file structure-v2.txt (compact mmCIF, C-alpha atoms)
# COMPACT_ATOMS: atom_id res chain seq x y z
CA MET G 214 -2.07 97.03 -46.97
CA GLY G 215 -0.94 99.66 -49.45
CA SER G 216 0.63 102.87 -48.21
CA ARG G 217 -2.19 103.83 -45.80
CA THR G 218 -1.01 103.92 -42.21
CA ILE G 219 -2.73 101.65 -39.69
CA LYS G 220 -3.25 102.70 -36.10
CA ALA G 221 -1.51 100.50 -33.49
CA LEU G 222 0.07 98.45 -36.27
CA ARG G 223 2.40 96.72 -33.82
CA TRP G 224 -0.59 94.90 -32.30
CA TRP G 225 -1.78 93.76 -35.72
CA MET G 226 1.69 92.35 -36.36
CA ILE G 227 1.80 90.46 -33.08
CA GLY G 228 -1.72 89.23 -33.87
CA LEU G 229 -0.39 87.77 -37.12
CA ILE G 230 2.40 86.08 -35.16
CA MET G 231 -0.22 84.74 -32.73
CA LEU G 232 -2.16 83.16 -35.61
CA GLY G 233 1.03 81.44 -36.72
CA ALA G 234 1.57 80.17 -33.17
CA ILE G 235 -2.00 78.83 -33.11
CA ILE G 236 -1.31 76.77 -36.24
CA ASN G 237 2.08 75.72 -34.88
CA TYR G 238 0.66 74.35 -31.64
CA LEU G 239 -2.42 72.92 -33.32
CA THR G 240 -0.24 70.82 -35.60
CA ARG G 241 2.09 69.70 -32.83
CA ALA G 242 -0.85 68.78 -30.55
CA THR G 243 -2.62 66.75 -33.24
CA LEU G 244 -0.71 63.59 -32.40
CA GLY G 245 -1.41 63.89 -28.68
CA VAL G 246 -5.16 63.94 -29.28
CA ALA G 247 -5.02 61.25 -31.98
CA ALA G 248 -2.66 59.06 -29.94
CA PRO G 249 -5.33 56.73 -28.44
CA THR G 250 -6.50 55.92 -31.98
CA VAL G 251 -3.09 55.93 -33.69
CA LEU G 252 -1.46 53.68 -31.09
CA VAL G 253 -4.17 51.05 -31.51
CA ASP G 254 -4.27 51.31 -35.31
CA LEU G 255 -0.48 51.01 -35.75
CA GLY G 256 0.16 48.70 -32.81
CA ILE G 257 2.37 51.19 -30.95
CA THR G 258 3.20 50.68 -27.25
CA GLU G 259 3.39 53.45 -24.65
CA GLN G 260 7.17 53.04 -24.53
CA GLU G 261 7.40 53.43 -28.31
CA TYR G 262 5.11 56.45 -28.05
CA GLY G 263 7.59 57.86 -25.58
CA TRP G 264 10.33 57.54 -28.21
CA ILE G 265 8.07 59.19 -30.80
CA THR G 266 7.40 62.20 -28.57
CA GLY G 267 11.08 62.22 -27.64
CA ALA G 268 12.04 62.52 -31.32
CA PHE G 269 9.87 65.62 -31.59
CA GLN G 270 11.60 67.14 -28.59
CA LEU G 271 15.01 66.39 -30.09
CA GLY G 272 13.94 68.24 -33.21
CA VAL G 273 12.59 71.20 -31.25
CA MET G 274 15.88 71.34 -29.35
CA MET G 275 17.43 72.62 -32.57
CA GLN G 276 15.78 75.98 -31.82
CA PRO G 277 19.19 77.72 -31.68
CA LEU G 278 19.61 76.87 -35.37
CA ALA G 279 16.15 78.24 -36.14
CA GLY G 280 16.78 81.37 -34.08
CA TYR G 281 20.18 81.94 -35.65
CA LEU G 282 18.73 81.65 -39.17
CA LEU G 283 15.93 84.07 -38.29
CA ASP G 284 18.49 86.57 -36.95
CA VAL G 285 20.65 86.21 -40.07
CA ILE G 286 18.19 85.96 -42.99
CA GLY G 287 15.36 87.96 -41.46
CA LEU G 288 12.07 87.14 -39.81
CA LYS G 289 9.75 87.38 -42.81
CA VAL G 290 11.48 84.96 -45.18
CA GLY G 291 12.88 82.70 -42.49
CA PHE G 292 9.60 82.12 -40.67
CA ALA G 293 7.77 81.51 -43.96
CA ILE G 294 10.25 78.76 -44.83
CA PHE G 295 9.88 77.06 -41.46
CA ALA G 296 6.06 77.34 -41.48
CA THR G 297 5.84 75.79 -44.96
CA ALA G 298 8.03 72.93 -43.80
CA TRP G 299 6.01 72.17 -40.67
CA SER G 300 2.74 72.28 -42.63
CA LEU G 301 3.92 69.75 -45.22
CA LEU G 302 5.47 67.50 -42.57
CA THR G 303 2.23 67.49 -40.58
CA MET G 304 0.30 66.36 -43.63
CA ALA G 305 2.91 63.64 -44.22
CA HIS G 306 2.06 62.12 -40.82
CA GLY G 307 -0.97 60.61 -42.49
CA LEU G 308 1.37 58.38 -44.53
CA ALA G 309 2.96 56.75 -41.46
CA THR G 310 2.47 52.99 -41.19
CA ASN G 311 4.70 52.14 -38.20
CA TRP G 312 6.28 53.79 -35.18
CA PRO G 313 9.81 54.32 -36.63
CA MET G 314 8.31 56.20 -39.59
CA LEU G 315 6.18 58.28 -37.26
CA MET G 316 9.20 58.94 -35.07
CA GLY G 317 11.20 60.24 -38.04
CA LEU G 318 8.39 62.57 -39.10
CA ARG G 319 8.04 63.88 -35.56
CA GLY G 320 11.74 64.66 -35.39
CA LEU G 321 11.63 66.68 -38.60
CA LEU G 322 8.43 68.39 -37.48
CA GLY G 323 10.09 69.43 -34.24
CA LEU G 324 12.99 70.95 -36.15
CA ALA G 325 10.62 73.09 -38.24
CA GLU G 326 8.23 74.00 -35.42
CA GLY G 327 11.01 75.06 -33.08
CA SER G 328 11.11 78.33 -35.03
CA ALA G 329 7.87 79.66 -33.50
CA ASN G 330 9.21 80.83 -30.14
CA PRO G 331 12.35 82.56 -31.52
CA ALA G 332 10.23 84.18 -34.23
CA GLY G 333 7.67 85.49 -31.76
CA MET G 334 10.32 86.83 -29.41
CA LYS G 335 12.19 88.51 -32.27
CA ALA G 336 8.98 90.22 -33.41
CA VAL G 337 8.26 91.41 -29.86
CA SER G 338 11.77 92.85 -29.48
CA GLU G 339 11.53 94.72 -32.80
CA TRP G 340 7.95 95.99 -32.63
CA PHE G 341 7.40 96.91 -28.96
CA PRO G 342 8.79 99.27 -26.34
CA ALA G 343 10.04 97.65 -23.14
CA LYS G 344 6.92 98.41 -21.08
CA GLU G 345 4.67 96.58 -23.58
CA ARG G 346 6.84 93.56 -24.28
CA GLY G 347 5.33 91.47 -21.48
CA HIS G 348 1.79 91.81 -22.77
CA ALA G 349 2.95 91.44 -26.39
CA GLY G 350 4.71 88.23 -25.43
CA GLY G 351 1.54 87.11 -23.69
CA VAL G 352 -0.51 87.78 -26.83
CA TYR G 353 1.65 85.66 -29.11
CA ASN G 354 1.93 82.93 -26.46
CA ILE G 355 -1.86 82.76 -26.40
CA GLY G 356 -1.36 81.06 -29.74
CA ALA G 357 0.21 78.07 -27.97
CA SER G 358 -2.81 77.71 -25.71
CA VAL G 359 -5.43 78.30 -28.41
CA GLY G 360 -3.77 75.89 -30.83
CA SER G 361 -3.57 73.20 -28.17
CA MET G 362 -7.15 74.01 -27.11
CA LEU G 363 -8.49 73.63 -30.65
CA ALA G 364 -6.76 70.30 -31.18
CA PRO G 365 -9.03 68.01 -29.07
CA PRO G 366 -12.39 68.95 -30.66
CA LEU G 367 -11.00 69.45 -34.19
CA VAL G 368 -8.91 66.27 -34.27
CA ALA G 369 -11.58 64.16 -32.58
CA TRP G 370 -14.12 65.46 -35.09
CA ALA G 371 -11.85 64.57 -38.02
CA ILE G 372 -11.25 61.08 -36.64
CA LEU G 373 -14.92 60.40 -35.96
CA PHE G 374 -16.06 61.61 -39.40
CA TRP G 375 -13.05 60.48 -41.46
CA ASN G 376 -9.94 58.95 -39.92
CA TRP G 377 -6.81 59.96 -38.00
CA GLN G 378 -4.88 60.49 -41.24
CA MET G 379 -7.32 63.21 -42.30
CA ALA G 380 -6.77 65.00 -38.98
CA PHE G 381 -3.12 65.57 -39.92
CA VAL G 382 -3.96 66.62 -43.48
CA LEU G 383 -6.50 69.16 -42.22
CA THR G 384 -4.26 70.81 -39.63
CA GLY G 385 -1.29 70.88 -42.01
CA ALA G 386 -3.32 72.56 -44.74
CA LEU G 387 -4.27 75.36 -42.34
CA GLY G 388 -0.58 76.13 -41.98
CA LEU G 389 -0.15 76.72 -45.70
CA VAL G 390 -3.03 79.22 -45.63
CA TRP G 391 -1.28 81.13 -42.86
CA VAL G 392 2.01 81.24 -44.79
CA ALA G 393 0.26 83.05 -47.64
CA ALA G 394 -1.13 85.64 -45.21
CA TRP G 395 2.27 86.07 -43.55
CA LEU G 396 4.08 86.75 -46.82
CA LYS G 397 1.45 89.27 -47.87
CA PHE G 398 1.07 91.29 -44.68
CA TYR G 399 4.27 91.09 -42.63
CA HIS G 400 7.18 93.54 -42.98
CA PRO G 401 9.79 94.63 -40.41
CA PRO G 402 9.16 98.02 -38.77
CA ALA G 403 11.80 99.81 -40.84
CA LYS G 404 10.14 98.71 -44.10
CA HIS G 405 6.46 98.50 -43.24
CA PRO G 406 4.49 100.87 -45.51
CA SER G 407 1.62 101.13 -43.05
CA LEU G 408 3.65 102.13 -39.97
CA SER G 409 3.02 105.74 -39.01
CA ALA G 410 5.90 108.02 -38.08
CA GLU G 411 4.25 108.60 -34.70
CA GLU G 412 4.08 104.90 -33.85
CA GLY G 413 7.61 104.32 -35.13
CA ALA G 414 8.88 107.06 -32.80
CA TYR G 415 6.90 105.62 -29.88
CA ILE G 416 8.43 102.16 -30.38
CA ALA G 417 11.96 103.55 -30.69
CA ALA G 418 11.62 105.83 -27.66
CA GLY G 419 10.58 102.93 -25.43
CA GLN G 420 13.43 100.57 -26.28
CA GLU G 421 16.68 100.28 -24.36
CA ALA G 422 19.56 101.93 -26.20
CA HIS G 423 22.10 99.44 -24.85
CA LEU G 424 20.08 96.54 -26.32
CA ALA G 425 19.93 97.96 -29.85
CA GLY G 426 21.14 95.54 -32.51
CA ASP G 427 24.63 96.16 -33.85
CA GLY G 428 24.19 94.16 -37.07
CA ALA G 429 26.70 91.50 -36.05
CA LYS G 430 25.93 87.80 -36.25
CA PRO G 431 25.14 86.36 -32.82
CA ALA G 432 28.18 84.77 -31.13
CA ILE G 433 26.74 81.64 -29.52
CA ARG G 434 29.96 80.86 -27.64
CA ASP G 435 29.82 84.24 -25.94
CA LEU G 436 26.12 83.95 -25.16
CA VAL G 437 26.43 80.63 -23.32
CA LYS G 438 29.11 82.15 -21.07
CA GLN G 439 26.65 84.69 -19.69
CA ARG G 440 24.91 83.93 -16.40
CA ASN G 441 21.80 85.76 -17.63
CA PHE G 442 21.38 83.15 -20.34
CA TRP G 443 21.46 80.32 -17.80
CA GLY G 444 19.24 82.36 -15.52
CA ILE G 445 16.40 82.06 -18.03
CA ALA G 446 17.40 78.74 -19.65
CA LEU G 447 17.45 76.61 -16.49
CA PRO G 448 13.99 77.73 -15.29
CA ARG G 449 12.68 76.83 -18.76
CA PHE G 450 14.32 73.40 -18.47
CA LEU G 451 12.33 72.84 -15.29
CA ALA G 452 9.07 74.47 -16.43
CA ASP G 453 8.46 73.15 -19.95
CA PRO G 454 7.77 69.49 -18.98
CA THR G 455 4.36 70.72 -17.80
CA TRP G 456 3.41 71.78 -21.31
CA GLY G 457 4.72 68.54 -22.82
CA THR G 458 2.65 66.56 -20.32
CA LEU G 459 -0.53 68.52 -21.06
CA ALA G 460 -0.08 68.25 -24.84
CA PHE G 461 1.23 64.69 -25.26
CA TRP G 462 0.24 62.61 -22.21
CA VAL G 463 -2.96 63.98 -20.68
CA PRO G 464 -5.24 62.45 -23.38
CA LEU G 465 -3.70 59.02 -22.68
CA TYR G 466 -3.94 59.64 -18.93
CA LEU G 467 -7.62 60.53 -19.21
CA MET G 468 -8.32 57.39 -21.24
CA ASN G 469 -6.16 54.85 -19.39
CA VAL G 470 -6.53 56.08 -15.79
CA ARG G 471 -9.74 58.11 -15.68
CA GLY G 472 -11.71 55.97 -18.16
CA PHE G 473 -12.54 58.70 -20.71
CA ASP G 474 -13.46 57.72 -24.26
CA LEU G 475 -12.58 59.79 -27.35
CA THR G 476 -15.76 61.86 -27.07
CA ALA G 477 -15.06 62.69 -23.42
CA ILE G 478 -11.47 63.59 -24.27
CA ALA G 479 -12.78 65.98 -26.92
CA MET G 480 -15.04 67.55 -24.29
CA PHE G 481 -12.48 68.00 -21.52
CA ALA G 482 -8.87 67.81 -22.78
CA TRP G 483 -8.98 71.35 -24.18
CA LEU G 484 -9.96 73.00 -20.89
CA PRO G 485 -6.41 73.27 -19.46
CA PHE G 486 -5.46 75.25 -22.54
CA VAL G 487 -8.34 77.69 -22.03
CA ALA G 488 -6.94 78.27 -18.56
CA ALA G 489 -3.49 78.63 -20.11
CA ASP G 490 -4.84 81.43 -22.34
CA LEU G 491 -5.77 83.37 -19.23
CA GLY G 492 -2.34 82.69 -17.76
CA CYS G 493 -0.72 84.25 -20.82
CA MET G 494 -2.18 87.60 -19.83
CA PHE G 495 -2.09 87.11 -16.05
CA GLY G 496 1.70 86.84 -15.92
CA PRO G 497 2.34 90.15 -17.75
CA THR G 498 -0.41 91.80 -15.68
CA VAL G 499 1.27 90.75 -12.43
CA ALA G 500 4.63 91.98 -13.74
CA SER G 501 3.12 95.34 -14.76
CA PHE G 502 1.41 95.66 -11.36
CA LEU G 503 4.71 95.12 -9.54
CA HIS G 504 6.61 97.40 -11.92
CA ARG G 505 4.19 100.26 -11.31
CA ARG G 506 4.79 99.87 -7.60
CA GLY G 507 8.50 100.40 -7.75
CA PHE G 508 9.95 97.01 -8.66
CA SER G 509 12.55 97.03 -11.42
CA LEU G 510 11.32 95.46 -14.67
CA LEU G 511 13.38 92.31 -14.09
CA ASN G 512 12.30 91.94 -10.47
CA ALA G 513 8.69 92.43 -11.52
CA ARG G 514 9.04 89.60 -14.03
CA ARG G 515 10.73 87.41 -11.42
CA GLY G 516 7.87 88.14 -9.04
CA ALA G 517 5.31 87.07 -11.67
CA PHE G 518 7.26 83.85 -12.29
CA THR G 519 7.25 83.12 -8.56
CA VAL G 520 3.48 83.59 -8.35
CA GLY G 521 3.07 81.07 -11.16
CA ALA G 522 5.45 78.62 -9.48
CA LEU G 523 3.45 78.73 -6.26
CA MET G 524 0.22 78.00 -8.15
CA MET G 525 1.91 75.08 -9.92
CA VAL G 526 1.95 73.18 -6.62
CA GLY G 527 -1.65 72.22 -7.40
CA MET G 528 -0.41 69.89 -10.16
CA ALA G 529 1.08 67.62 -7.50
CA PHE G 530 -2.44 66.52 -6.50
CA VAL G 531 -3.83 65.60 -9.93
CA GLY G 532 -3.27 61.90 -9.38
CA ARG G 533 -4.34 61.96 -5.73
CA VAL G 534 -7.95 63.12 -6.10
CA ASP G 535 -10.78 60.64 -6.66
CA SER G 536 -12.99 62.83 -8.84
CA PRO G 537 -11.96 62.96 -12.52
CA TYR G 538 -13.53 66.42 -12.74
CA LEU G 539 -11.43 67.68 -9.84
CA ALA G 540 -8.41 66.24 -11.65
CA ILE G 541 -9.41 68.24 -14.74
CA ALA G 542 -9.72 71.36 -12.56
CA LEU G 543 -6.21 70.83 -11.20
CA LEU G 544 -4.89 70.33 -14.72
CA CYS G 545 -6.53 73.64 -15.62
CA LEU G 546 -4.78 75.28 -12.68
CA GLY G 547 -1.54 73.81 -13.97
CA GLY G 548 -2.10 75.20 -17.45
CA PHE G 549 -2.90 78.65 -16.02
CA ALA G 550 0.10 78.63 -13.70
CA HIS G 551 2.48 77.34 -16.36
CA GLN G 552 1.65 80.05 -18.87
CA THR G 553 1.80 82.67 -16.11
CA LEU G 554 5.44 81.85 -15.49
CA SER G 555 6.41 80.63 -18.97
CA VAL G 556 5.42 83.83 -20.77
CA THR G 557 7.30 85.80 -18.14
CA VAL G 558 10.62 83.99 -18.47
CA ILE G 559 10.42 83.83 -22.28
CA THR G 560 9.92 87.61 -22.44
CA MET G 561 13.05 88.18 -20.35
CA ALA G 562 15.23 87.32 -23.36
CA SER G 563 14.23 90.70 -24.84
CA ASP G 564 15.05 92.45 -21.55
CA LEU G 565 18.56 91.04 -21.31
CA PHE G 566 19.97 90.67 -24.84
CA LYS G 567 20.50 92.78 -27.95
CA ARG G 568 17.97 92.85 -30.78
CA ASN G 569 20.25 90.86 -33.10
CA GLU G 570 20.67 88.20 -30.39
CA VAL G 571 17.10 87.79 -29.13
CA ALA G 572 15.95 85.06 -31.53
CA THR G 573 19.17 83.10 -31.00
CA VAL G 574 18.92 83.37 -27.20
CA ALA G 575 15.21 82.48 -27.26
CA GLY G 576 16.04 79.46 -29.39
CA MET G 577 18.84 78.36 -27.07
CA ALA G 578 16.64 78.75 -24.00
CA GLY G 579 13.93 76.88 -25.88
CA THR G 580 16.39 74.04 -26.41
CA MET G 581 16.85 73.77 -22.66
CA GLY G 582 13.09 73.80 -22.19
CA ASN G 583 12.58 71.06 -24.72
CA LEU G 584 15.43 69.03 -23.26
CA GLY G 585 13.40 69.05 -20.07
CA VAL G 586 10.32 67.89 -22.00
CA LEU G 587 12.36 65.17 -23.73
CA ILE G 588 13.76 63.74 -20.49
CA PHE G 589 10.39 63.94 -18.76
CA SER G 590 8.55 62.34 -21.68
CA LEU G 591 11.04 59.46 -21.93
CA LEU G 592 10.72 58.87 -18.20
CA ILE G 593 6.92 58.76 -18.46
CA GLY G 594 7.07 56.40 -21.44
CA GLY G 595 9.54 54.09 -19.69
CA LEU G 596 8.07 54.11 -16.18
CA VAL G 597 4.35 54.85 -16.35
CA ALA G 598 3.43 51.18 -16.78
CA SER G 599 5.16 50.33 -13.49
CA VAL G 600 4.79 53.44 -11.30
CA GLY G 601 1.77 55.20 -12.81
CA TYR G 602 1.33 58.94 -13.42
CA ASP G 603 1.29 60.15 -9.79
CA PRO G 604 5.08 60.64 -9.36
CA PHE G 605 5.22 62.74 -12.51
CA PHE G 606 2.41 65.05 -11.42
CA LEU G 607 4.17 65.42 -8.07
CA ALA G 608 7.39 66.40 -9.83
CA LEU G 609 5.59 69.02 -11.92
CA GLY G 610 4.31 70.60 -8.73
CA VAL G 611 7.84 71.08 -7.39
CA LEU G 612 10.11 71.81 -10.37
CA ASP G 613 9.00 75.40 -10.91
CA LEU G 614 9.76 76.34 -7.32
CA VAL G 615 13.37 75.37 -8.04
CA GLY G 616 13.17 77.37 -11.27
CA ALA G 617 12.02 80.47 -9.36
CA ALA G 618 14.98 80.17 -7.01
CA LEU G 619 17.37 79.95 -9.98
CA LEU G 620 15.74 82.96 -11.66
CA TRP G 621 16.27 85.11 -8.57
CA THR G 622 19.81 83.81 -8.04
CA LEU G 623 21.34 83.90 -11.52
CA VAL G 624 19.80 86.82 -13.44
CA ARG G 625 21.47 90.21 -13.07
CA GLU G 626 20.44 93.63 -14.36
CA PRO G 627 22.25 94.28 -17.68
CA SER G 628 24.68 97.16 -17.85
CA GLY G 629 23.50 100.35 -19.54
CA PRO G 630 20.64 102.80 -19.13
CA THR G 631 17.16 101.45 -18.62
CA ALA G 632 14.36 101.99 -21.07
CA PRO G 633 12.03 104.91 -20.39
CA ALA G 634 9.26 102.56 -19.41
CA HIS G 635 7.61 104.47 -16.56
CA HIS G 636 9.37 107.80 -16.25
CA PRO G 637 7.03 110.81 -16.07
CA ALA G 638 9.44 112.85 -18.19
CA VAL G 639 8.69 110.77 -21.25
CA THR G 640 6.08 112.61 -23.31
CA VAL G 641 5.66 110.25 -26.28
CA GLN G 642 2.00 109.24 -26.41
CA THR G 643 0.79 105.76 -27.21
CA PRO G 644 -0.41 105.73 -30.84
call {"tool": "encode", "arguments": {"input": "structure-v2.txt", "output": "structure tokens"}}
result
Amino acid sequence: MGSRTIKALRWWMIGLIMLGAIINYLTRATLGVAAPTVLVDLGITEQEYGWITGAFQLGVMMQPLAGYLLDVIGLKVGFAIFATAWSLLTMAHGLATNWPMLMGLRGLLGLAEGSANPAGMKAVSEWFPAKERGHAGGVYNIGASVGSMLAPPLVAWAILFWNWQMAFVLTGALGLVWVAAWLKFYHPPAKHPSLSAEEGAYIAAGQEAHLAGDGAKPAIRDLVKQRNFWGIALPRFLADPTWGTLAFWVPLYLMNVRGFDLTAIAMFAWLPFVAADLGCMFGPTVASFLHRRGFSLLNARRGAFTVGALMMVGMAFVGRVDSPYLAIALLCLGGFAHQTLSVTVITMASDLFKRNEVATVAGMAGTMGNLGVLIFSLLIGGLVASVGYDPFFLALGVLDLVGAALLWTLVREPSGPTAPAHHPAVTVQTP
């Protein structure tokens, strides 16, 4: 980039984070799309597949470790290390010859890939004023939807023209390309040679003074004692099983229940993630709409979460409709609703905690979310053969309503002055 300043550099930086998230979710979704082929080729049962997906969730539950390391060693170097690891581990999936080997690789992959959410939230907290953090969080979370959306056609294409092993090699190699771009172009705001003084002042003026980092290492014991942590962690515990179901189980559901073949899966399994892309921006837009009309920033975010939770009720009917295309439409509604509320609650970590704590808190909340995915996935793997998918879709339609109630009950406004998000007296112009 040289020393030339770049207009609106903060959006270029979050775009780079979004590309990393695309690769992250593409690699983690590869197995879900390849599962119908892999399970047959390696003789893996649905219950064993449940253990394989569970191992990934156990690895992802180590997000607090990833977040802590990112807070301590810095975002640039730390995220590059994690991204290199998940790229190589994805490629190694092609060497698996049995389910225990695949389970071990998935566990390690989860450990490396759990860094994406803390990294994205840390970048948002450092690069954006409070009033823009919702949309910035939505932009980088689009990466989750786009990566998962790209997986069905890309992986199916690789399987049809080569084999399932090549699908993992291809998606893993894309990660290494992104690491090179990350190391070349990313710098923190204080050190970025292309950040203008005007934009730097705009970012600083829009951040809450009481949430400024104090340079201390995050104290995890103190964080878990705060009700605000549980106020965002418990809703994530209840919400994230939706994403795990869409990514890991919907391709099998479409094949085993709705009679889709691999080509049909490639045509339709990506549609819920397109809808999820729209949800990434809808949630912040709802929050901004409410904030402009007098709601506090936190209440506006809680309102957006509640809107998403109400839309999630549609997921309860996926297994009850006769038309497979109507089922796809309801899955799309679920993807849209989930990202509407998920982006909202993830962003709240930057509203409630200090800059040097955000990645750690996001990682800890992510652990709770992935614990929910783990439990839900193990239940599907153990019970789907006897009870079918309908009870699980019904549960997904209800869980987020409970999460909304917890969000309103537990979260409290942090002490200290609020950020100058919408005060007319603020004269700093958007660069």
call {"tool": "atom_distance", "arguments": {"input": "structure-v2.txt", "atom1": "CA of Leu239 (chain G)", "atom2": "CA of Ile445 (chain G)"}}
result
25.9 Å
call {"tool": "closest_residue", "arguments": {"input": "structure-v2.txt", "among": "G:Leu619, G:Leu510, G:Met524, G:Met480", "to": "Leu554 (chain G)", "atoms": "only C-alpha atoms"}}
result
G:Met524
call {"tool": "closest_residue", "arguments": {"input": "structure-v2.txt", "among": "G:Leu315, G:Met577, G:Leu565, G:Leu451", "to": "Leu278 (chain G)", "atoms": "only C-alpha atoms"}}
result
G:Met577
call {"tool": "atom_distance", "arguments": {"input": "structure-v2.txt", "atom1": "CA of Val246 (chain G)", "atom2": "CA of Gly548 (chain G)"}}
result
16.6 Å
call {"tool": "residues_around", "arguments": {"input": "structure-v2.txt", "residues": "Ile219 (chain G)", "least_positions_apart": "4", "cutoff": "8 Å", "atoms": "all atoms listed in the file", "output": "number ranges by chain"}}
result
G: 407-409
call {"tool": "write_last_selection", "arguments": {"input": "structure-v2.txt", "atoms": "C-alpha atoms", "output": "PDB file, in the frame of the given file"}}
result
ATOM      1  CA  SER G 407       1.620 101.130 -43.050  1.00  0.00           C
ATOM      2  CA  LEU G 408       3.650 102.130 -39.970  1.00  0.00           C
ATOM      3  CA  SER G 409       3.020 105.740 -39.010  1.00  0.00           C
TER       4      SER G 409
END
call {"tool": "closest_residue", "arguments": {"input": "structure-v2.txt", "among": "G:Ile416, G:Met362, G:Val470, G:Ala452", "to": "Leu222 (chain G)", "atoms": "all atoms listed in the file"}}
result
G:Ile416
call {"tool": "closest_residue", "arguments": {"input": "structure-v2.txt", "among": "G:Gly233, G:Pro448, G:Pro365, G:Gly323", "to": "Ala248 (chain G)", "atoms": "only C-alpha atoms"}}
result
G:Pro365
call {"tool": "residues_around", "arguments": {"input": "structure-v2.txt", "residues": "Gln552 (chain G)", "least_positions_apart": "4", "cutoff": "8 Å", "atoms": "all atoms listed in the file", "output": "PyMOL selection string"}}
result
chain G and resi 489-490+492-493+496+521+548+556
call {"tool": "residues_around", "arguments": {"input": "structure-v2.txt", "residues": "Ala369 (chain G)", "least_positions_apart": "6", "cutoff": "9 Å", "atoms": "only C-alpha atoms", "output": "list in words"}}
result
Val246, Ala247, Trp377, Ala380, Leu475, Thr476, Ile478 and Ala479 of chain G
call {"tool": "write_last_selection", "arguments": {"input": "structure-v2.txt", "atoms": "C-alpha atoms", "output": "short mmCIF file (atom, residue, chain, number, x, y, z; two decimals), in the frame of the given file"}}
result
data_model
loop_
_atom_site.label_atom_id
_atom_site.label_comp_id
_atom_site.auth_asym_id
_atom_site.auth_seq_id
_atom_site.Cartn_x
_atom_site.Cartn_y
_atom_site.Cartn_z
CA VAL G 246 -5.16 63.94 -29.28
CA ALA G 247 -5.02 61.25 -31.98
CA TRP G 377 -6.81 59.96 -38.00
CA ALA G 380 -6.77 65.00 -38.98
CA LEU G 475 -12.58 59.79 -27.35
CA THR G 476 -15.76 61.86 -27.07
CA ILE G 478 -11.47 63.59 -24.27
CA ALA G 479 -12.78 65.98 -26.92
#
call {"tool": "closest_residue", "arguments": {"input": "structure-v2.txt", "among": "G:Thr580, G:Gln276, G:Asn311, G:Asn512", "to": "Val253 (chain G)", "atoms": "all atoms listed in the file"}}
result
G:Asn311
call {"tool": "atom_distance", "arguments": {"input": "structure-v2.txt", "atom1": "CA of Gly350 (chain G)", "atom2": "CA of Trp456 (chain G)"}}
result
17.0 Å
call {"tool": "closest_residue", "arguments": {"input": "structure-v2.txt", "among": "G:Ala578, G:Ala221, G:Leu614, G:Val352", "to": "Pro331 (chain G)", "atoms": "only C-alpha atoms"}}
result
G:Ala578
call {"tool": "residues_around", "arguments": {"input": "structure-v2.txt", "residues": "Gly616 (chain G)", "least_positions_apart": "5", "cutoff": "12 Å", "atoms": "all atoms listed in the file", "output": "PyMOL selection string"}}
result
chain G and resi 443-453+515+518-523+525+551+554-555+558+582+609-611+621-624
call {"tool": "residues_near_point", "arguments": {"input": "structure-v2.txt", "point": "(-1.0, 71.6, -5.6)", "cutoff": "12 Å", "atoms": "all atoms listed in the file", "output": "PDB file with C-alpha atoms, in the frame of the given file"}}
result
ATOM      1  CA  GLY G 521       3.070  81.070 -11.160  1.00  0.00           C
ATOM      2  CA  ALA G 522       5.450  78.620  -9.480  1.00  0.00           C
ATOM      3  CA  LEU G 523       3.450  78.730  -6.260  1.00  0.00           C
ATOM      4  CA  MET G 524       0.220  78.000  -8.150  1.00  0.00           C
ATOM      5  CA  MET G 525       1.910  75.080  -9.920  1.00  0.00           C
ATOM      6  CA  VAL G 526       1.950  73.180  -6.620  1.00  0.00           C
ATOM      7  CA  GLY G 527      -1.650  72.220  -7.400  1.00  0.00           C
ATOM      8  CA  MET G 528      -0.410  69.890 -10.160  1.00  0.00           C
ATOM      9  CA  ALA G 529       1.080  67.620  -7.500  1.00  0.00           C
ATOM     10  CA  PHE G 530      -2.440  66.520  -6.500  1.00  0.00           C
ATOM     11  CA  VAL G 531      -3.830  65.600  -9.930  1.00  0.00           C
ATOM     12  CA  GLY G 532      -3.270  61.900  -9.380  1.00  0.00           C
ATOM     13  CA  ARG G 533      -4.340  61.960  -5.730  1.00  0.00           C
ATOM     14  CA  VAL G 534      -7.950  63.120  -6.100  1.00  0.00           C
ATOM     15  CA  LEU G 539     -11.430  67.680  -9.840  1.00  0.00           C
ATOM     16  CA  ALA G 540      -8.410  66.240 -11.650  1.00  0.00           C
ATOM     17  CA  ALA G 542      -9.720  71.360 -12.560  1.00  0.00           C
ATOM     18  CA  LEU G 543      -6.210  70.830 -11.200  1.00  0.00           C
ATOM     19  CA  LEU G 544      -4.890  70.330 -14.720  1.00  0.00           C
ATOM     20  CA  CYS G 545      -6.530  73.640 -15.620  1.00  0.00           C
ATOM     21  CA  LEU G 546      -4.780  75.280 -12.680  1.00  0.00           C
ATOM     22  CA  GLY G 547      -1.540  73.810 -13.970  1.00  0.00           C
ATOM     23  CA  ALA G 550       0.100  78.630 -13.700  1.00  0.00           C
ATOM     24  CA  PHE G 606       2.410  65.050 -11.420  1.00  0.00           C
ATOM     25  CA  LEU G 607       4.170  65.420  -8.070  1.00  0.00           C
ATOM     26  CA  ALA G 608       7.390  66.400  -9.830  1.00  0.00           C
ATOM     27  CA  LEU G 609       5.590  69.020 -11.920  1.00  0.00           C
ATOM     28  CA  GLY G 610       4.310  70.600  -8.730  1.00  0.00           C
ATOM     29  CA  VAL G 611       7.840  71.080  -7.390  1.00  0.00           C
ATOM     30  CA  ASP G 613       9.000  75.400 -10.910  1.00  0.00           C
ATOM     31  CA  LEU G 614       9.760  76.340  -7.320  1.00  0.00           C
TER      32      LEU G 614
END
